[in-house]
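For reference, the structure is listed below as C-alpha cells.
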Amino acid sequence: MRLAEAWRVALGALRANRLRSLLTMLGVIIGVGAVVVLVAIGTGAKNEVEAQVEGLGSNLMLVVPGRLEFGSAPSASRLSLRDAEAVAEVVGDPSRVTATVASGETVRAGARERFTTVQGVLETTPQVFDRPVGRGRYFTASDVQTGRRVAVLGATVAAALFPDRDPIGQQVSIAGVRFRVSGLFAPLGQSLGVDRDDEVHIPVSAAQRLIGVDRIDGLAIKAPDRERIDELSARVVAELTRRHPDTEFSAVTQEQILGVLGDILGVLTGVLAAIAGISLLVGGVGVSNIMLVSVRERTKEIGLRKAVGARPRDIGLQFLLEAVLLTSVGGVLGMGLGVGSALLVGALSPVPAAITWWSLALAFGVSAAVGIVFGVVPAQRAGRLDPVVALRSE
C-alpha cells in the first residue's frame, strides 16, 4: 500500500467516527496545552527574575562578611567606612563603591506614618545601582561627611506621607529624628518580590548615629566591565581579609546570582512540564485503548484486505498511521490551546508568560511520539490477524 493511500484511508477512518476521535484526542489536547502553558509561565518567571536582577545595575558585585549560602546564618559585620575607603582605593574609582547600613524604621510626616526600610548609604549609590532621582537631588559627599539630616524618598513612601502636596523641602521624622526631604526617586516597582519604591535613603553617617552603630552591613561595587569583575572581586576580598584576618568575606556577582536563580527556575520549569506530561501519558493510554477497540471492530475489514493481497506490515502501518494522526491533530489543537491560555494568563494576571519555540516543538514532537508508542501494539495485533479467522468473525 502506498503511503499517500494509507494516509487517505486513515483520515477516512477517523472521519467515520468523529465524536470518538475527538474524545480520544481530548487527553492529548489537554496534555499538550498544559505543557505549553506551564513551560511559558516558568520561562516567563525566569525572564522576569533575570530582568529584575539585571535592573539592579550592570557589572554589580556585593561584598558581605560571612558565607553567602542558602541556609547559612548571617555573620555580624565588622566592616566600617574606613574599609569602604580601602576598597575604593583597590577599585581605583571611589564613584564605583558604595556602603550600606539598613534598618526598618517608622517614618512620619504630620499625622501620617509608614514603616519602611531606611538605607544609610554613600552619595555614590545612584551611580552604582543605576537608581535615578526623579525630582530634587540626591545627597552629596559633603552631606555624608557632615552627617546632614537629608532624605531621599521612594515613590511609595512619598505617596503615603504626602498624598496631596509636594514632598520636596518638607520635614519627615525617622525614629524621632527630623530629616529634610531633598529628593524623590523615580518609580521602579517590584523587584524579586520587593517593592523598591518602599524605602528611604539617608547619608550613611546620619544612619549610623540614628541606629547607634559604627559599622556598615556590606559593600556594593560596580566593576568597569564584565571581564574584570572576577579579578576585581578577588582583590577586594583579599584586601578585606588582610584588614580583618579573623573574618571571612564573600563576594557575589550578578552572573552568580543569575546562575543560581536560573538553575532553580529551570528545575521548576522542568518539574511543571513533567507534571503536565503525565496527562499526555494518560492520553496515550486512551489512544491505545481506542485503537484496540478499532481493531476488534474492523476485524472483517482486515481479513478482506489480507484476502486481496495486503501484507501484515501494510495492515500494521495503516493502524499506526491512524494513531499518529490522532495524536498529531490533538497536538496541533493542544498547541493552540496552550498558546491562547498563556497569552490570557500574561494579560489578565501578574504572572508573566513567555512562549518559546522549543516548548511548541517539544510538545508536538512528544504528542506524535505518543501516537507511535501507543499505536504499535494495536497495529501489531491488526497485522497478525489470520485472514480466514478474520473473515469468519461477526
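Residues are referred to by chain and number: the chain letter is A, B, ... according to the order shown in the C-alpha cells, the number counts from 1 in that chain, and ligands are numbered separately from 1 in the order shown.
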Practice prompt. Write out as a PyMOL selection string which residues come within 9 Å of stretch 230-232 of chain A when counting only C-alpha atoms, dropping same-chain ones fewer than 3 positions away.
Written response: chain A and resi 90-91+223+226-227+235-237+253
Fill in: A:Ala40 surroundings by only C-alpha atoms, 9 Å radius, close-in-sequence under 5 positions cut, as a VMD selection string
chain A and resid 35 45 269 338 to 339 342 352 to 356 359
Take the selection from the previous step and output its residues with N, CA and C atoms, as a CSV table (one decimal), in the first residue's frame.
chain,number,residue,atom,x,y,z
A,35,VAL,N,1.4,21.4,28.9
A,35,VAL,CA,2.9,21.6,28.7
A,35,VAL,C,3.3,22.9,28.2
A,45,ALA,N,8.6,33.6,34.2
A,45,ALA,CA,9.1,33.9,35.5
A,45,ALA,C,10.6,34.0,35.6
A,269,THR,N,10.7,24.8,36.1
A,269,THR,CA,10.0,24.7,34.8
A,269,THR,C,10.0,23.2,34.3
A,338,GLY,N,-2.7,25.9,24.4
A,338,GLY,CA,-1.6,26.3,25.3
A,338,GLY,C,-1.2,27.8,25.0
A,339,VAL,N,-1.1,28.1,23.7
A,339,VAL,CA,-0.7,29.5,23.4
A,339,VAL,C,-1.7,30.5,23.8
A,342,ALA,N,-1.7,30.8,27.6
A,342,ALA,CA,-0.5,31.5,28.1
A,342,ALA,C,-0.7,33.0,27.8
A,352,PRO,N,4.0,36.3,34.7
A,352,PRO,CA,4.5,36.5,33.4
A,352,PRO,C,4.4,35.2,32.6
A,353,ALA,N,4.3,35.3,31.3
A,353,ALA,CA,4.3,34.1,30.5
A,353,ALA,C,5.0,34.4,29.2
A,354,ALA,N,6.0,33.5,28.9
A,354,ALA,CA,6.8,33.7,27.6
A,354,ALA,C,6.8,32.4,26.8
A,355,ILE,N,6.2,32.5,25.6
A,355,ILE,CA,6.0,31.3,24.8
A,355,ILE,C,7.3,31.1,24.0
A,356,THR,N,7.9,30.0,24.1
A,356,THR,CA,9.2,29.7,23.4
A,356,THR,C,8.9,28.7,22.3
A,359,SER,N,9.4,24.9,23.3
A,359,SER,CA,8.3,24.3,24.0
A,359,SER,C,7.2,23.8,23.1
Item to complete: Identify all residues of stretch 89-247 of chain A in strand (DSSP E) (DSSP on the backbone) and supply them as a PyMOL selection string.
Response: chain A and resi 97-109+112-121+133-136+150-153+171-174+177-185+190-191+194-195+199-203+218-222
Give me a file of those residues, with C-alpha atoms, as a PDB file, in the first residue's frame.
ATOM      1  CA  VAL A  97      31.861  51.870  45.502  1.00  0.00           C
ATOM      2  CA  THR A  98      29.044  52.358  47.985  1.00  0.00           C
ATOM      3  CA  ALA A  99      28.386  51.169  51.526  1.00  0.00           C
ATOM      4  CA  THR A 100      25.092  50.300  53.187  1.00  0.00           C
ATOM      5  CA  VAL A 101      23.648  50.100  56.669  1.00  0.00           C
ATOM      6  CA  ALA A 102      19.938  49.297  56.780  1.00  0.00           C
ATOM      7  CA  SER A 103      17.200  49.352  59.384  1.00  0.00           C
ATOM      8  CA  GLY A 104      13.426  49.142  59.488  1.00  0.00           C
ATOM      9  CA  GLU A 105      12.054  52.386  60.914  1.00  0.00           C
ATOM     10  CA  THR A 106       8.797  54.294  61.189  1.00  0.00           C
ATOM     11  CA  VAL A 107       8.801  57.450  59.065  1.00  0.00           C
ATOM     12  CA  ARG A 108       6.282  60.177  59.962  1.00  0.00           C
ATOM     13  CA  ALA A 109       5.057  63.334  58.287  1.00  0.00           C
ATOM     14  CA  ARG A 112       0.750  60.173  58.565  1.00  0.00           C
ATOM     15  CA  GLU A 113       3.311  57.447  59.117  1.00  0.00           C
ATOM     16  CA  ARG A 114       4.771  54.429  57.349  1.00  0.00           C
ATOM     17  CA  PHE A 115       7.097  51.642  58.473  1.00  0.00           C
ATOM     18  CA  THR A 116       9.729  51.232  55.779  1.00  0.00           C
ATOM     19  CA  THR A 117      13.361  50.338  55.098  1.00  0.00           C
ATOM     20  CA  VAL A 118      15.797  53.131  55.827  1.00  0.00           C
ATOM     21  CA  GLN A 119      19.068  52.757  53.919  1.00  0.00           C
ATOM     22  CA  GLY A 120      22.137  54.620  55.100  1.00  0.00           C
ATOM     23  CA  VAL A 121      24.342  54.865  52.010  1.00  0.00           C
ATOM     24  CA  VAL A 133      16.383  60.514  41.087  1.00  0.00           C
ATOM     25  CA  GLY A 134      13.104  61.687  39.576  1.00  0.00           C
ATOM     26  CA  ARG A 135      12.842  65.067  41.311  1.00  0.00           C
ATOM     27  CA  GLY A 136      15.029  67.124  43.587  1.00  0.00           C
ATOM     28  CA  VAL A 150      18.573  64.875  54.478  1.00  0.00           C
ATOM     29  CA  ALA A 151      16.476  62.095  52.952  1.00  0.00           C
ATOM     30  CA  VAL A 152      15.505  60.820  49.509  1.00  0.00           C
ATOM     31  CA  LEU A 153      12.117  59.085  49.429  1.00  0.00           C
ATOM     32  CA  GLN A 171      10.258  67.590  57.029  1.00  0.00           C
ATOM     33  CA  VAL A 172       9.914  63.907  57.940  1.00  0.00           C
ATOM     34  CA  SER A 173      10.629  62.206  61.243  1.00  0.00           C
ATOM     35  CA  ILE A 174      12.686  58.977  61.149  1.00  0.00           C
ATOM     36  CA  VAL A 177      14.736  62.465  64.351  1.00  0.00           C
ATOM     37  CA  ARG A 178      13.830  65.143  61.802  1.00  0.00           C
ATOM     38  CA  PHE A 179      15.138  64.951  58.230  1.00  0.00           C
ATOM     39  CA  ARG A 180      14.530  67.268  55.288  1.00  0.00           C
ATOM     40  CA  VAL A 181      13.372  65.697  52.021  1.00  0.00           C
ATOM     41  CA  SER A 182      15.861  66.643  49.313  1.00  0.00           C
ATOM     42  CA  GLY A 183      14.690  64.379  46.503  1.00  0.00           C
ATOM     43  CA  LEU A 184      12.367  61.678  45.207  1.00  0.00           C
ATOM     44  CA  PHE A 185      13.404  58.506  43.393  1.00  0.00           C
ATOM     45  CA  GLN A 190       8.628  45.385  42.228  1.00  0.00           C
ATOM     46  CA  SER A 191      11.977  43.620  42.075  1.00  0.00           C
ATOM     47  CA  VAL A 194      10.257  43.547  46.972  1.00  0.00           C
ATOM     48  CA  ASP A 195       8.784  46.999  46.417  1.00  0.00           C
ATOM     49  CA  GLU A 199      12.460  52.759  51.059  1.00  0.00           C
ATOM     50  CA  VAL A 200      14.210  55.899  52.232  1.00  0.00           C
ATOM     51  CA  HIS A 201      17.876  56.796  51.651  1.00  0.00           C
ATOM     52  CA  ILE A 202      19.836  58.942  54.109  1.00  0.00           C
ATOM     53  CA  PRO A 203      23.600  59.569  54.452  1.00  0.00           C
ATOM     54  CA  GLY A 218      28.111  45.476  53.271  1.00  0.00           C
ATOM     55  CA  LEU A 219      29.639  46.984  50.165  1.00  0.00           C
ATOM     56  CA  ALA A 220      28.444  47.224  46.581  1.00  0.00           C
ATOM     57  CA  ILE A 221      30.911  47.696  43.733  1.00  0.00           C
ATOM     58  CA  LYS A 222      30.306  48.431  40.071  1.00  0.00           C
TER      59      LYS A 222
END
Worksheet item: Taking the backbone alone, and naming residues the way the document does, which bits of stretch 42-155 of chain A are helix (DSSP H, G or I) by DSSP, as a PyMOL selection string?
Response: chain A and resi 42-54+81-91+94-96+125-128+141-146+155
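You can rank A:Val49, A:Ala160, A:Val204, A:Ala347 by their closest distance to A:Gly266 using only C-alpha atoms, and at the top of that list sits A:Val49.
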Worksheet item: Which polymer residues have any atom within 8 Å of an atom of A:Ser77, counting only C-alpha atoms, with same-chain residues fewer than 4 positions away left out, as number ranges by chain?
Response: A: 64-65, 215-218
Those residues you just picked out, can you put them in a file as a PDB file, in the first residue's frame with C-alpha atoms?
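Here's the written file out_15.pdb:
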ATOM      1  CA  VAL A  64      29.446  40.970  52.808  1.00  0.00           C
ATOM      2  CA  PRO A  65      31.032  39.272  55.822  1.00  0.00           C
ATOM      3  CA  ARG A 215      29.509  49.500  61.288  1.00  0.00           C
ATOM      4  CA  ILE A 216      28.253  49.055  57.757  1.00  0.00           C
ATOM      5  CA  ASP A 217      26.369  45.965  56.595  1.00  0.00           C
ATOM      6  CA  GLY A 218      28.111  45.476  53.271  1.00  0.00           C
TER       7      GLY A 218
END
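Our summary of the geometry notes that atom CA of A:Ser95 is positioned 18.4 Å from atom CA of A:Glu239.
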